[in-house]
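Trainee: I am attaching a structure below and will ask some questions about it afterwards.
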Amino acid sequence: MENTIIKVGGMSCQGCVKTITGLLTALEGVGQVQVSLEAGEARVSFDSQKLSRAHLCSVIEEAGFDAA
């Protein structure tokens, strides 16, 4: 498993946190997900054989948030 921290912009409440957590957790190859509203980031553990960091960012962006 590979770990990454994705900066997430546009989150304003715990509902945003729940949405992003749910989207990332549902992806095959994702282990743990911790999204912090205060820090504006998502910490993700994922299988780099199945997913790329860029794909994780695109899933966040497709939900209407900024990801870097």
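We name chains A, B, ... following the order of the structure tokens; residues begin at 1 in each chain, and ligands are numbered from 1 as shown.
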Name the residues of chain A that fall into strand (DSSP E) according to DSSP on the backbone, using the chain letters and numbers of this document, as a ChimeraX atom specification.

Mentor: /A:2-9,30-36,41-46,66-67

Trainee: Env of A:Ile6: 10 Å cut, atoms = only C-alpha atoms, seq-sep filter 6 positions within chain, self excluded. Answer as a list in words.

Mentor: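 The filter keeps Val35, Gly40, Glu41, Ala42, Arg43, Val44, Arg53, Ala54, Leu56, Cys57, Ile60, Asp66, Ala67 and Ala68 of chain A.
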
Trainee: Dump C-alpha atoms for the selected residues as a short mmCIF file (atom, residue, chain, number, x, y, z; two decimals), in the first residue's frame?

Mentor:
data_model
loop_
_atom_site.label_atom_id
_atom_site.label_comp_id
_atom_site.auth_asym_id
_atom_site.auth_seq_id
_atom_site.Cartn_x
_atom_site.Cartn_y
_atom_site.Cartn_z
CA VAL A 35 -10.39 13.39 5.50
CA GLY A 40 -8.15 20.67 4.16
CA GLU A 41 -6.70 17.34 3.17
CA ALA A 42 -7.36 13.67 2.55
CA ARG A 43 -4.89 11.03 3.70
CA VAL A 44 -5.31 7.93 1.57
CA ARG A 53 -2.82 9.35 -7.17
CA ALA A 54 -4.07 11.26 -10.23
CA LEU A 56 -7.88 9.73 -6.66
CA CYS A 57 -7.62 13.47 -7.37
CA ILE A 60 -12.48 14.29 -5.76
CA ASP A 66 -10.39 21.00 -5.78
CA ALA A 67 -7.67 18.40 -5.36
CA ALA A 68 -3.90 18.75 -5.56
#

Trainee: Find the residues around stretch 16-24 of chain A up to 8 Å (only C-alpha atoms counted), leave out those fewer than 6 positions away in its own chain, and share them as a list in words.

Mentor: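 Using only C-alpha atoms, the neighbours found are Val30, Val33, Gln34, Val35, Ser36, Leu37, Leu56, Val59, Ile60 and Ala63 of chain A.
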
Trainee: Just give me the gap between atom CA of A:Met11 and atom CA of A:Gly29 in Å, one decimal is fine.

Mentor: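 Separation between atom CA of A:Met11 and atom CA of A:Gly29: 24.2 Å.
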
Trainee: In Å to one decimal, how far is atom CA of A:Asn3 from atom CA of A:Phe46?

Mentor: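 Spanning atom CA of A:Phe46 to atom CA of A:Asn3 is a straight-line distance of 6.4 Å.
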
Trainee: Which one of A:Gly10, A:Ser45, A:Glu38, A:Ser58 sits closest to A:Thr25 if you count only C-alpha atoms?

Mentor: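 Under the stated criterion, the closest residue is A:Ser45.
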
Trainee: Have a look at atom CA of A:Gly9 and atom CA of A:Gly31 and let me know their distance in Å, one decimal.

Mentor: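 Straight-line distance from atom CA of A:Gly9 to atom CA of A:Gly31 works out to 22.3 Å.
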
Trainee: As an MDAnalysis selection string, please: every residue in chain A that DSSP puts in alpha helix (DSSP H).

Mentor: chainID A and resid 14:25 53:62

Trainee: What would the file look like if the residues just selected were written as a CSV table (one decimal), in the first residue's frame with N, CA and C atoms?

Mentor:
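In the end it all went to again.csv:
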chain,number,residue,atom,x,y,z
A,14,GLN,N,-19.0,19.0,7.6
A,14,GLN,CA,-18.7,17.6,7.8
A,14,GLN,C,-19.4,16.7,6.7
A,15,GLY,N,-20.4,17.3,6.1
A,15,GLY,CA,-21.1,16.6,4.9
A,15,GLY,C,-20.1,16.5,3.8
A,16,CYS,N,-19.3,17.5,3.5
A,16,CYS,CA,-18.3,17.4,2.5
A,16,CYS,C,-17.3,16.3,2.8
A,17,VAL,N,-16.9,16.3,4.1
A,17,VAL,CA,-15.9,15.2,4.5
A,17,VAL,C,-16.5,13.8,4.3
A,18,LYS,N,-17.8,13.7,4.7
A,18,LYS,CA,-18.4,12.4,4.5
A,18,LYS,C,-18.5,12.0,3.0
A,19,THR,N,-18.8,13.0,2.2
A,19,THR,CA,-18.9,12.7,0.7
A,19,THR,C,-17.6,12.2,0.2
A,20,ILE,N,-16.5,12.9,0.5
A,20,ILE,CA,-15.2,12.6,-0.1
A,20,ILE,C,-14.8,11.2,0.5
A,21,THR,N,-15.0,11.0,1.8
A,21,THR,CA,-14.6,9.8,2.4
A,21,THR,C,-15.3,8.6,1.7
A,22,GLY,N,-16.6,8.8,1.5
A,22,GLY,CA,-17.4,7.7,0.9
A,22,GLY,C,-17.0,7.4,-0.5
A,23,LEU,N,-16.7,8.4,-1.3
A,23,LEU,CA,-16.3,8.3,-2.7
A,23,LEU,C,-14.9,7.5,-2.8
A,24,LEU,N,-14.0,7.9,-2.0
A,24,LEU,CA,-12.7,7.3,-2.0
A,24,LEU,C,-12.7,5.9,-1.4
A,25,THR,N,-13.4,5.7,-0.4
A,25,THR,CA,-13.5,4.3,0.3
A,25,THR,C,-14.1,3.3,-0.7
A,53,ARG,N,-2.5,8.2,-7.9
A,53,ARG,CA,-2.8,9.4,-7.2
A,53,ARG,C,-3.7,10.3,-8.0
A,54,ALA,N,-3.3,10.4,-9.3
A,54,ALA,CA,-4.1,11.3,-10.2
A,54,ALA,C,-5.5,10.8,-10.3
A,55,HIS,N,-5.8,9.5,-10.3
A,55,HIS,CA,-7.2,9.0,-10.3
A,55,HIS,C,-7.9,9.4,-9.1
A,56,LEU,N,-7.3,9.3,-7.9
A,56,LEU,CA,-7.9,9.7,-6.7
A,56,LEU,C,-8.3,11.2,-6.7
A,57,CYS,N,-7.4,12.0,-7.2
A,57,CYS,CA,-7.6,13.5,-7.4
A,57,CYS,C,-8.8,13.7,-8.3
A,58,SER,N,-8.9,13.0,-9.4
A,58,SER,CA,-10.0,13.2,-10.4
A,58,SER,C,-11.3,12.8,-9.8
A,59,VAL,N,-11.4,11.8,-8.9
A,59,VAL,CA,-12.6,11.4,-8.3
A,59,VAL,C,-13.1,12.6,-7.4
A,60,ILE,N,-12.2,13.2,-6.6
A,60,ILE,CA,-12.5,14.3,-5.8
A,60,ILE,C,-13.0,15.5,-6.6
A,61,GLU,N,-12.3,15.8,-7.7
A,61,GLU,CA,-12.6,16.9,-8.5
A,61,GLU,C,-14.0,16.7,-9.2
A,62,GLU,N,-14.3,15.5,-9.6
A,62,GLU,CA,-15.6,15.2,-10.2
A,62,GLU,C,-16.7,15.4,-9.3

Trainee: Using only C-alpha atoms, which of A:Val8, A:Cys13, A:Leu51, A:Ala26 sits nearest A:Gly64?

Mentor: A:Val8
